[in-house]
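Peer 1: Handing over protein-v7.cif, mmCIF, C-alpha atoms.
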data_target
loop_
_atom_site.label_atom_id
_atom_site.label_comp_id
_atom_site.auth_asym_id
_atom_site.auth_seq_id
_atom_site.Cartn_x
_atom_site.Cartn_y
_atom_site.Cartn_z
CA MET U 1 79.19 94.86 105.54
CA LYS U 2 81.55 92.62 107.58
CA LYS U 3 82.03 90.41 104.54
CA LEU U 4 82.90 93.44 102.44
CA ILE U 5 85.49 94.68 104.94
CA LEU U 6 86.96 91.17 105.18
CA PHE U 7 87.15 90.92 101.38
CA VAL U 8 88.90 94.30 100.98
CA ALA U 9 91.28 93.52 103.87
CA THR U 10 92.18 90.17 102.29
CA ILE U 11 93.02 91.86 98.98
CA PHE U 12 95.27 94.36 100.74
CA LEU U 13 97.02 91.61 102.73
CA LEU U 14 97.62 89.52 99.60
CA ASN U 15 99.10 92.54 97.81
CA ALA U 16 101.29 93.33 100.81
CA SER U 17 102.65 89.77 101.03
CA ASP U 18 103.42 89.86 97.29
CA ALA U 19 105.37 93.07 97.76
CA VAL U 20 107.46 91.58 100.58
CA GLY U 21 108.41 88.53 98.49
CA GLN U 22 109.17 90.52 95.34
CA CYS U 23 112.63 90.70 93.87
CA ASN U 24 113.63 94.32 93.46
CA SER U 25 116.22 93.61 90.81
CA GLU U 26 115.72 97.02 89.24
CA ASN U 27 116.84 98.72 92.43
CA LEU U 28 119.82 96.36 92.76
CA SER U 29 120.89 96.96 89.16
CA SER U 30 120.71 100.73 89.76
CA GLN U 31 122.90 100.28 92.83
CA CYS U 32 125.48 98.57 90.64
CA ILE U 33 125.97 101.52 88.25
CA PRO U 34 128.04 103.74 90.59
CA LYS U 35 130.05 100.66 91.60
CA LEU U 36 131.59 100.36 88.14
CA ALA U 37 135.31 101.09 88.47
CA ALA U 38 136.60 104.59 87.73
CA GLY U 39 137.00 105.30 84.03
CA PHE U 40 134.22 102.95 82.93
CA ASN U 41 131.25 104.48 81.13
CA PHE U 42 127.88 102.96 81.91
CA LEU U 43 126.24 101.00 79.09
CA LYS U 44 123.47 98.77 80.43
CA SER U 45 121.92 97.61 83.66
CA TYR U 46 120.63 94.07 83.94
CA LYS U 47 117.98 92.68 86.23
CA ILE U 48 118.76 89.26 87.73
CA ASP U 49 115.45 87.80 88.81
CA GLY U 50 115.52 84.05 89.34
CA ASP U 51 111.79 84.07 90.15
CA GLY U 52 112.38 82.65 93.62
CA GLY U 53 114.29 79.66 92.21
CA ASN U 54 111.97 78.86 89.31
CA LYS U 55 114.67 80.00 86.87
CA ASP U 56 118.14 78.49 87.05
CA LYS U 57 119.71 81.18 84.90
CA VAL U 58 119.15 84.68 83.53
CA GLU U 59 120.88 85.57 80.28
CA TYR U 60 121.54 88.69 78.22
CA SER U 61 123.68 89.28 75.15
CA TYR U 62 125.70 92.18 73.81
CA VAL U 63 128.11 92.84 70.95
CA PHE U 64 131.56 93.45 72.45
CA LEU U 65 134.10 95.27 70.32
CA LYS U 66 137.78 94.44 69.97
CA GLY U 67 139.97 97.04 71.67
CA THR U 68 137.34 97.95 74.28
CA SER U 69 137.51 96.87 77.92
CA TYR U 70 134.21 95.92 79.55
CA MET U 71 133.29 95.58 83.20
CA ILE U 72 130.37 93.56 84.54
CA ASN U 73 129.56 93.71 88.24
CA ILE U 74 126.98 92.06 90.48
CA CYS U 75 124.93 93.55 93.31
CA ALA U 76 122.89 91.37 95.65
CA PRO U 77 120.95 91.79 98.89
CA SER U 78 123.75 90.08 100.84
CA GLN U 79 127.46 90.46 100.16
CA PRO U 80 129.35 89.79 98.06
CA THR U 81 127.02 88.26 95.42
CA ASP U 82 124.61 86.05 97.38
CA GLY U 83 125.70 83.05 95.30
CA ILE U 84 125.14 84.76 91.95
CA VAL U 85 127.76 83.82 89.38
CA VAL U 86 128.29 85.65 86.09
CA SER U 87 129.70 83.68 83.18
CA LEU U 88 130.67 85.01 79.80
CA PHE U 89 130.30 82.95 76.61
CA ASP U 90 131.37 83.86 73.08
CA SER U 91 129.09 83.62 70.05
CA ASN U 92 129.94 79.92 69.66
CA ARG U 93 129.06 79.32 73.30
CA ASN U 94 132.67 78.76 74.34
CA LYS U 95 133.04 79.78 77.97
CA VAL U 96 135.29 82.81 78.32
CA ILE U 97 135.14 83.14 82.09
CA SER U 98 133.11 82.47 85.22
CA SER U 99 133.19 84.71 88.28
CA LYS U 100 133.30 81.73 90.68
CA LEU U 101 136.86 81.00 91.69
CA ASN U 102 137.12 77.82 93.81
CA ASP U 103 134.62 78.68 96.57
CA GLN U 104 134.96 82.41 96.12
CA PHE U 105 132.31 84.55 94.41
CA ILE U 106 133.90 87.52 92.64
CA SER U 107 131.59 90.53 92.33
CA ALA U 108 133.15 92.14 89.23
CA ILE U 109 134.86 90.98 86.06
CA GLN U 110 136.83 93.07 83.60
CA TYR U 111 137.06 91.86 80.02
CA PRO U 112 139.50 93.59 77.67
CA CYS U 113 137.95 92.31 74.45
CA ASN U 114 140.24 91.06 71.73
CA ALA U 115 137.59 89.53 69.47
CA THR U 116 134.53 91.41 68.22
CA GLY U 117 131.28 89.47 68.35
CA VAL U 118 128.11 88.63 70.24
CA TYR U 119 128.75 87.57 73.82
CA TYR U 120 126.30 85.96 76.21
CA ILE U 121 126.27 87.27 79.78
CA GLN U 122 124.79 84.50 81.90
CA TYR U 123 123.87 84.75 85.58
CA THR U 124 123.40 81.53 87.59
CA PHE U 125 122.64 80.90 91.26
CA GLU U 126 124.56 78.79 93.77
CA LYS U 127 122.68 78.37 97.04
CA PRO U 128 121.41 81.95 97.08
CA SER U 129 119.17 83.31 99.80
CA SER U 130 116.97 85.25 97.38
CA TYR U 131 117.60 84.43 93.69
CA CYS U 132 117.64 88.17 93.20
CA GLY U 133 120.26 90.65 92.10
CA GLY U 134 121.30 93.35 89.69
CA SER U 135 124.21 93.99 87.42
CA ALA U 136 125.76 96.78 85.38
CA LEU U 137 127.86 96.75 82.23
CA GLY U 138 130.37 99.50 81.51
CA PHE U 139 133.14 100.14 79.00
CA LYS U 140 136.36 102.03 78.58
CA ARG U 141 138.89 102.30 75.77
CA MET P 1 73.76 102.41 100.40
CA LYS P 2 74.53 99.07 98.74
CA VAL P 3 75.12 100.87 95.45
CA VAL P 4 77.57 103.28 97.11
CA LYS P 5 79.49 100.37 98.65
CA THR P 6 79.66 98.53 95.34
CA VAL P 7 80.90 101.62 93.49
CA PHE P 8 83.49 102.20 96.25
CA LEU P 9 84.69 98.62 96.01
CA LEU P 10 84.92 98.69 92.23
CA ALA P 11 86.83 101.97 92.33
CA LEU P 12 89.20 100.53 94.93
CA LEU P 13 89.83 97.37 92.94
CA THR P 14 90.39 99.34 89.75
CA ALA P 15 92.87 101.59 91.52
CA CYS P 16 94.74 98.56 92.92
CA GLY P 17 94.76 96.60 89.70
CA SER P 18 95.82 99.22 87.19
CA GLY P 19 99.27 100.75 87.01
CA LYS P 20 98.07 103.52 84.67
CA ASN P 21 96.68 106.85 85.72
CA ALA P 22 94.40 109.01 83.57
CA ASP P 23 97.31 110.94 82.03
CA GLU P 24 99.14 107.76 81.07
CA GLN P 25 95.99 106.32 79.55
CA ALA P 26 95.45 109.49 77.52
CA MET P 27 99.03 109.27 76.34
CA LEU P 28 98.61 105.63 75.37
CA ASN P 29 95.50 106.51 73.43
CA SER P 30 97.48 109.03 71.46
CA ILE P 31 100.14 106.55 70.40
CA ASP P 32 100.52 106.44 66.66
CA SER P 33 98.51 104.05 64.58
CA THR P 34 101.52 101.83 63.89
CA ALA P 35 101.21 100.38 67.39
CA GLY P 36 99.46 97.05 67.26
CA LYS P 37 100.53 96.39 63.69
CA GLY P 38 103.40 94.40 65.07
CA PRO P 39 105.31 91.58 63.44
CA HIS P 40 104.37 87.92 63.78
CA ILE P 41 107.24 87.24 66.12
CA SER P 42 107.49 87.36 69.88
CA GLU P 43 108.46 90.65 71.51
CA GLY P 44 111.02 88.67 73.53
CA VAL P 45 112.98 87.77 70.39
CA ILE P 46 112.95 91.40 69.26
CA ASP P 47 113.97 92.65 72.71
CA ASP P 48 116.87 90.18 72.86
CA LEU P 49 118.17 91.41 69.50
CA LEU P 50 117.68 95.06 70.44
CA GLN P 51 119.74 94.77 73.60
CA GLU P 52 122.70 93.34 71.67
CA ILE P 53 123.28 96.52 69.66
CA PRO P 54 126.29 98.34 71.10
CA SER P 55 126.14 101.97 72.14
CA PRO P 56 127.30 104.53 69.53
CA LEU P 57 129.14 106.19 72.41
CA GLU P 58 131.84 103.51 72.10
CA ILE P 59 132.72 104.78 68.61
CA SER P 60 132.83 108.42 69.77
CA VAL P 61 135.22 107.48 72.59
CA LEU P 62 137.41 105.59 70.09
CA LEU P 63 137.55 108.63 67.78
CA LYS P 64 138.48 111.00 70.57
CA GLN P 65 141.08 108.70 72.07
CA SER P 66 142.70 108.11 68.70
CA GLY P 67 143.30 111.87 68.48
CA LYS P 68 140.66 112.70 65.88
CA LYS P 69 139.45 116.28 66.05
CA TYR P 70 135.87 117.30 66.72
CA ASN P 71 133.96 118.28 63.58
CA VAL P 72 130.40 119.51 63.90
CA ASP P 73 129.97 119.23 60.12
CA TYR P 74 129.81 115.46 60.46
CA LEU P 75 126.59 115.81 62.44
CA ASN P 76 122.96 116.34 61.48
CA SER P 77 122.08 119.97 62.17
CA ALA P 78 119.94 120.31 65.30
CA ASP P 79 117.87 122.86 63.34
CA ASN P 80 116.65 120.15 60.95
CA ILE P 81 114.07 119.04 63.52
CA ALA P 82 111.30 120.95 61.73
CA ARG P 83 111.67 118.60 58.74
CA TYR P 84 110.56 115.52 60.63
CA ASN P 85 106.82 115.07 60.44
CA ASN P 86 105.93 111.42 60.88
CA ASN P 87 106.86 108.96 63.61
CA PHE P 88 109.28 107.07 61.34
CA GLN P 89 111.31 110.24 60.71
CA LYS P 90 111.03 111.31 64.35
CA ALA P 91 112.22 108.00 65.79
CA MET P 92 115.07 107.64 63.27
CA ASN P 93 116.26 111.19 63.83
CA LEU P 94 115.91 110.84 67.59
CA GLY P 95 118.46 108.03 67.29
CA ILE P 96 120.64 110.16 65.00
CA TYR P 97 120.53 113.13 67.39
CA GLY P 98 121.26 110.76 70.29
CA THR P 99 124.53 109.74 68.63
CA ASP P 100 125.31 113.38 67.83
CA LEU P 101 124.71 114.33 71.45
CA GLY P 102 127.02 111.53 72.62
CA TYR P 103 129.70 112.79 70.19
CA THR P 104 129.41 116.40 71.44
CA ASN P 105 129.46 115.19 75.05
CA ILE P 106 132.59 113.07 74.57
CA TYR P 107 134.36 116.04 73.00
CA GLU P 108 132.92 118.32 75.72
CA LYS P 109 131.35 120.69 73.19
CA ASN P 110 128.62 121.80 75.54
CA THR P 111 127.09 124.59 73.46
CA ASP P 112 126.47 122.18 70.57
CA GLY P 113 125.33 119.52 73.03
CA ILE P 114 122.60 121.74 74.45
CA LYS P 115 121.25 122.38 70.94
CA TYR P 116 121.03 118.63 70.33
CA MET P 117 119.44 118.09 73.72
CA SER P 118 116.77 120.62 72.85
CA SER P 119 116.01 118.93 69.51
CA ILE P 120 115.98 115.53 71.22
CA LYS P 121 113.49 116.82 73.77
CA GLY P 122 111.32 118.15 70.93
CA LEU P 123 111.25 114.84 69.09
CA ALA P 124 110.76 112.93 72.35
CA ASP P 125 107.76 115.11 73.23
CA ASP P 126 106.26 114.41 69.81
CA LEU P 127 106.70 110.68 70.40
CA ASN P 128 105.13 110.99 73.88
CA ILE P 129 108.35 110.09 75.65
CA GLY P 130 109.37 113.60 76.71
CA GLN P 131 109.06 112.55 80.35
CA PHE P 132 112.38 110.71 80.03
CA PHE P 133 114.36 113.92 79.44
CA ASP P 134 114.89 116.49 82.14
CA LEU P 135 116.27 119.26 79.94
CA GLU P 136 117.01 121.52 82.90
CA THR P 137 119.20 118.97 84.73
CA ILE P 138 121.02 117.91 81.58
CA SER P 139 121.66 121.52 80.54
CA ARG P 140 123.01 122.28 84.02
CA LEU P 141 125.36 119.28 83.89
CA ALA P 142 126.51 120.27 80.41
CA THR P 143 127.75 123.67 81.57
CA ASN P 144 130.60 122.15 83.57
CA SER P 145 133.11 119.70 82.12
CA LYS P 146 133.58 118.18 85.59
CA ASN P 147 130.08 116.75 85.18
CA LEU P 148 130.94 114.76 82.05
CA ASP P 149 130.56 111.36 83.72
CA SER P 150 127.15 112.30 85.14
CA LEU P 151 126.07 113.74 81.80
CA LEU P 152 127.04 110.57 79.93
CA LEU P 153 125.37 108.44 82.58
CA ILE P 154 122.09 110.35 82.52
CA THR P 155 121.83 110.48 78.73
CA THR P 156 122.65 106.76 78.41
CA GLN P 157 120.07 105.94 81.10
CA ASN P 158 117.47 108.11 79.35
CA PHE P 159 117.89 106.25 76.07
CA ASN P 160 117.89 102.87 77.85
CA ASN P 161 114.68 103.86 79.64
CA ILE P 162 113.06 104.91 76.37
CA ASN P 163 113.90 101.61 74.74
CA HIS P 164 112.58 99.72 77.74
CA TYR P 165 109.41 101.84 77.72
CA PHE P 166 108.79 101.28 74.00
CA GLN P 167 109.18 97.56 74.52
CA THR P 168 106.74 97.45 77.43
CA GLN P 169 104.24 99.46 75.37
CA ASN P 170 104.52 97.08 72.38
CA ARG P 171 106.18 99.85 70.38
CA SER P 172 109.41 97.97 69.74
CA ASN P 173 109.24 99.17 66.13
CA LEU P 174 110.19 102.62 67.42
CA SER P 175 113.06 101.12 69.44
CA VAL P 176 114.33 99.45 66.27
CA LEU P 177 114.22 102.80 64.45
CA LEU P 178 115.88 104.62 67.34
CA LEU P 179 118.77 102.17 67.41
CA THR P 180 119.05 102.01 63.61
CA GLY P 181 119.22 105.81 63.42
CA GLY P 182 121.86 105.89 66.14
CA TRP P 183 123.92 103.22 64.44
CA LEU P 184 123.65 104.85 61.00
CA GLU P 185 124.88 108.17 62.39
CA ALA P 186 127.82 106.47 64.15
CA MET P 187 128.63 104.80 60.82
CA HIS P 188 128.44 108.13 59.03
CA ILE P 189 130.74 109.86 61.54
CA THR P 190 133.25 106.99 61.56
CA CYS P 191 133.31 106.73 57.76
CA SER P 192 133.71 110.52 57.45
CA VAL P 193 136.69 110.43 59.81
CA ALA P 194 138.15 107.38 58.01
CA ALA P 195 137.89 109.24 54.68
CA THR P 196 140.38 111.80 56.01
CA ASP P 197 142.81 109.02 56.95
CA PRO P 198 142.19 106.10 54.53
CA LYS P 199 145.18 104.07 55.70
CA ASN P 200 144.11 104.06 59.35
CA GLN P 201 143.75 100.28 59.79
CA GLU P 202 142.10 100.52 63.22
CA LEU P 203 139.30 102.71 61.89
CA ASN P 204 138.89 100.60 58.77
CA GLU P 205 138.61 97.46 60.90
CA LYS P 206 136.09 99.19 63.15
CA ILE P 207 133.98 99.91 60.07
CA GLY P 208 134.40 96.31 58.91
CA GLU P 209 133.28 94.97 62.29
CA GLN P 210 129.97 96.77 61.83
CA LYS P 211 129.01 93.89 59.53
CA ILE P 212 127.97 92.04 62.71
CA ILE P 213 125.70 94.89 63.83
CA LEU P 214 124.25 95.37 60.35
CA GLU P 215 123.18 91.71 60.33
CA LYS P 216 121.28 92.26 63.59
CA ILE P 217 119.60 95.41 62.29
CA LEU P 218 118.58 93.72 59.04
CA LYS P 219 117.05 90.89 61.02
CA LEU P 220 115.13 93.33 63.21
CA LEU P 221 113.82 95.33 60.25
CA SER P 222 112.81 92.17 58.40
CA PHE P 223 110.26 91.43 61.15
CA TYR P 224 108.36 94.59 60.15
CA LYS P 225 108.70 94.52 56.36
CA ASP P 226 105.16 93.25 55.81
CA THR P 227 103.50 95.62 58.24
CA ASP P 228 105.40 98.90 57.87
CA SER P 229 106.24 100.37 54.47
CA HIS P 230 108.83 102.82 55.88
CA MET P 231 110.71 100.01 57.59
CA ALA P 232 110.47 97.84 54.46
CA SER P 233 112.03 100.65 52.41
CA LEU P 234 114.79 101.15 54.98
CA LEU P 235 115.43 97.41 54.91
CA THR P 236 115.85 97.51 51.12
CA ASP P 237 118.32 100.42 51.41
CA LEU P 238 120.34 98.63 54.07
CA GLN P 239 120.38 95.43 52.02
CA GLY P 240 122.38 97.48 49.47
CA LEU P 241 124.91 98.11 52.22
CA GLU P 242 124.87 94.41 53.08
CA GLU P 243 125.95 93.62 49.50
CA VAL P 244 129.14 95.65 50.00
CA TYR P 245 129.73 94.08 53.40
CA LYS P 246 129.77 90.65 51.75
CA LYS P 247 133.28 91.60 50.63
CA VAL P 248 134.37 92.01 54.27
CA ASN P 249 135.66 88.88 55.99
CA ILE P 250 135.80 88.56 59.76
CA THR P 251 137.76 85.57 61.05
CA TYR P 252 137.37 84.49 64.65
CA THR P 253 139.91 82.30 66.42
CA TYR P 254 139.01 80.95 69.85
CA LYS P 255 141.65 80.33 72.49
CA GLU P 256 140.99 79.69 76.14
CA SER P 257 141.30 82.82 78.25
CA SER P 258 143.21 83.26 81.50
CA PHE P 259 142.71 85.71 84.36
CA VAL P 260 144.15 87.40 87.44
CA VAL P 261 142.28 88.88 90.38
CA VAL P 262 143.27 92.50 91.04
CA ASP P 263 141.69 94.40 93.96
CA GLY P 264 138.70 92.05 94.00
CA VAL P 265 138.11 92.32 90.24
CA MET P 266 138.65 89.32 87.99
CA VAL P 267 140.64 90.69 85.05
CA ILE P 268 140.46 88.44 82.01
CA LYS P 269 143.21 87.99 79.46
CA ASP P 270 141.43 87.33 76.21
CA ASN P 271 143.47 85.03 74.01
CA SER P 272 140.85 84.80 71.26
CA THR P 273 141.17 87.10 68.27
CA THR P 274 139.26 88.44 65.31
CA THR P 275 140.85 89.66 62.13
CA VAL P 276 138.96 91.85 59.70
CA ASP P 277 139.82 91.79 56.01
CA ILE P 278 138.80 95.13 54.53
CA THR P 279 140.44 97.50 52.05
CA PRO P 280 140.23 101.32 51.90
CA GLU P 281 138.25 100.90 48.66
CA ILE P 282 135.60 98.83 50.42
CA VAL P 283 135.49 101.42 53.22
CA ALA P 284 134.88 104.11 50.60
CA GLU P 285 131.99 102.07 49.14
CA ILE P 286 130.51 101.57 52.61
CA LYS P 287 130.82 105.30 53.25
CA ASN P 288 129.01 106.21 50.03
CA ILE P 289 126.07 103.90 50.64
CA SER P 290 125.67 104.49 54.38
CA SER P 291 125.91 108.27 54.00
CA SER P 292 123.40 108.21 51.16
CA ILE P 293 120.90 106.27 53.34
CA ARG P 294 121.59 108.60 56.27
CA ASN P 295 121.13 111.71 54.10
CA LYS P 296 117.79 110.42 52.88
CA ILE P 297 116.68 110.10 56.49
CA ILE P 298 117.86 113.50 57.72
CA SER P 299 116.52 115.41 54.69
#
Step by step, read the file and then write its structure as structure tokens.

Peer 2:
Amino acid sequence: MKKLILFVATIFLLNASDAVGQCNSENLSSQCIPKLAAGFNFLKSYKIDGDGGNKDKVEYSYVFLKGTSYMINICAPSQPTDGIVVSLFDSNRNKVISSKLNDQFISAIQYPCNATGVYYIQYTFEKPSSYCGGSALGFKR
Amino acid sequence: MKVVKTVFLLALLTACGSGKNADEQAMLNSIDSTAGKGPHISEGVIDDLLQEIPSPLEISVLLKQSGKKYNVDYLNSADNIARYNNNFQKAMNLGIYGTDLGYTNIYEKNTDGIKYMSSIKGLADDLNIGQFFDLETISRLATNSKNLDSLLLITTQNFNNINHYFQTQNRSNLSVLLLTGGWLEAMHITCSVAATDPKNQELNEKIGEQKIILEKILKLLSFYKDTDSHMASLLTDLQGLEEVYKKVNITYTYKESSFVVVDGVMVIKDNSTTTVDITPEIVAEIKNISSSIRNKIIS
């Protein structure tokens, strides 16, 4: 009976430790939606889960349309972005912008698109505490 | 006593290990027979392509902001729901109604919007995804134009959640149909508006730019052509549209961008450009073919 109790307790403890270490990127991306600037309509939320440092980048893509202004923001457990940088690349992988400015991490970028096409939204980590964050994409005309 | 302990332990482990309750399992069991007949390509590739497709809401906002009047005749009647009997029709028309709802919302035509919401809920229930629509909340938001932002947010989130859910349930085929239906309806509305103003270069270019989206949709449908006859047929129809789009040229010129930081937001100045070569005649051809495909689906 003691062995049984020990076994069950171990399973519960393992599950609990997993939960503590988990990246709740879904929650962070939800937090980002109301932080889109006024006038921007929500389009997508993105989870930024660097798997505790096992991934050096997280990437999504989206077709941006000429004449539309897009906003991408970042939410992280510690302000402003916990070392998360968002970079935008065009369909030919030319870099359009990076949200790291000298040593400053900017938490939102606004992109008034002048060229329709697929764009890559890439999140990278620079000395983060958690490799975990969320992001939202919005648009306005 | 040993047996009781063992049963207790097994029950406990099962409860810890499974994220599905009895209701969810029953629902999964009822999923249509097309599930599991997936393409020979990774779900990750399909998901990446799916997430690239822009929201039809962007087109509705463009139409409203360019001063185009609301016209309910452009839309698929919400009463047509009774015509849709199989999952292909239901998923396609769920996408179509989603675009129609977005259009009514943007123009703040709440009475029409509620009709579409009701039909959407009906189709969603049939596809076992009714849990993503809280008709009561959405109807309440729709009664006051001050709630427009919340209404748009909730409906966009609902459709995003459905797509995510389909993907996690290996039902990405339904996500593809949902997005294709939504795109086709946005095409139909835009082309119908453009037909009333054939020299409107902005609208014509917007239709021309859809060549990029069509390529994505064709790629997605091609993954299913050997396993799903409905999707294969839709692919063939859309390949007819692709033929016309071959006459449209999109030229991209890259130039390095610049930026300023305003109130903590990095505002980019995009110096790259695209130009779209398209004539009103080509737009008319695109309208004829896309509307014919769309009419086949809504009938």

Peer 1: Using only C-alpha atoms and a cut-off of 7 Å, which residues of chain U sit close to chain P? Please list them as a list in words.

Peer 2: Phe42, Leu43, Ser61, Tyr62, Val63, Val96, Ile106, Ala108, Ile109, Gln110, Tyr111, Pro112, Cys113, Asn114, Ala115, Thr116 and Arg141 of chain U

Peer 1: Specify as an NGL selection string each residue included when the PyMOL selection byres ((chain U and resi 72-75) around 9) is applied to this file.

Peer 2: (:U and (28-29 or 31-33 or 35-36 or 70-71 or 76-82 or 84-86 or 106-111 or 121 or 133-138)) or (:P and (265))

Peer 1: CA of Leu179 in chain P and CA of Gly95 in chain P are how many Å apart?

Peer 2: 5.9 Å

Peer 1: What does the distance between CA of Asp51 in chain U and CA of Gly44 in chain P come to in Å, to one decimal place?

Peer 2: 17.3 Å

Peer 1: Quote the spacing between CA of Asp112 in chain P and CA of Ile297 in chain P in Å to one decimal place.

Peer 2: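 Going from CA of Asp112 in chain P over to CA of Ile297 in chain P covers 21.0 Å.
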
Peer 1: Please write as a compact mmCIF listing (two decimals) with C-alpha atoms, in the coordinates of the input the full residue list that the PyMOL selection byres ((chain U and resi 56) around 12) yields on this file.

Peer 2:
# COMPACT_ATOMS: atom_id res chain seq x y z
CA ILE U 48 118.76 89.26 87.73
CA ASP U 49 115.45 87.80 88.81
CA GLY U 50 115.52 84.05 89.34
CA ASP U 51 111.79 84.07 90.15
CA GLY U 52 112.38 82.65 93.62
CA GLY U 53 114.29 79.66 92.21
CA ASN U 54 111.97 78.86 89.31
CA LYS U 55 114.67 80.00 86.87
CA LYS U 57 119.71 81.18 84.90
CA VAL U 58 119.15 84.68 83.53
CA GLU U 59 120.88 85.57 80.28
CA ILE U 84 125.14 84.76 91.95
CA VAL U 85 127.76 83.82 89.38
CA GLN U 122 124.79 84.50 81.90
CA TYR U 123 123.87 84.75 85.58
CA THR U 124 123.40 81.53 87.59
CA PHE U 125 122.64 80.90 91.26
CA GLU U 126 124.56 78.79 93.77
CA LYS U 127 122.68 78.37 97.04
CA PRO U 128 121.41 81.95 97.08
CA TYR U 131 117.60 84.43 93.69
CA CYS U 132 117.64 88.17 93.20

Peer 1: Tell me which of P:Leu178, P:Lys211, P:Thr111, P:Asn170 sits closest to Asn249 in chain P, counting only C-alpha atoms.

Peer 2: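 When distances to Asn249 in chain P are compared using only C-alpha atoms, the smallest one comes from P:Lys211.
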
Peer 1: From the list U:Lys66, U:Tyr60, U:Tyr46, U:Ser87, which residue is nearest Phe105 in chain U when using all atoms listed in the file?

Peer 2: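 Of the candidates, the smallest distance to Phe105 in chain U is held by U:Ser87.
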
Peer 1: So for range 57-71 of chain P, what box centre and size do we get, axis-aligned, 3 Å extra on each of the six sides, every listed atom, Å to one decimal, as JSON?

Peer 2:
{"center_x": 136.2, "center_y": 110.9, "center_z": 68.1, "size_x": 20.2, "size_y": 20.8, "size_z": 15.0}

Peer 1: Neighbourhood query: residues within 9 Å of (123.3, 112.5, 71.1), file coordinates, counting only C-alpha atoms; return as a VMD selection string.

Peer 2: chain P and resid 57 94 to 105 113 116 to 117 120 155 182

Peer 1: Given the file above and the PyMOL selection byres ((chain P and resi 174) around 12), which residues are selected, and can you give them as JSON, numbers by chain?

Peer 2: {"P": [31, 32, 34, 35, 38, 46, 47, 50, 86, 87, 88, 89, 90, 91, 92, 93, 94, 95, 124, 127, 128, 129, 162, 163, 164, 165, 166, 167, 168, 169, 170, 171, 172, 173, 175, 176, 177, 178, 179, 180, 181, 220, 221, 224, 228, 230, 231]}

Peer 1: Taking all atoms listed in the file into account, which of U:Ala37, U:Ser130, U:Asn92, U:Asp103 comes nearest Val118 in chain U?

Peer 2: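 Answer, going by the shortest atom-to-atom distance: U:Asn92.
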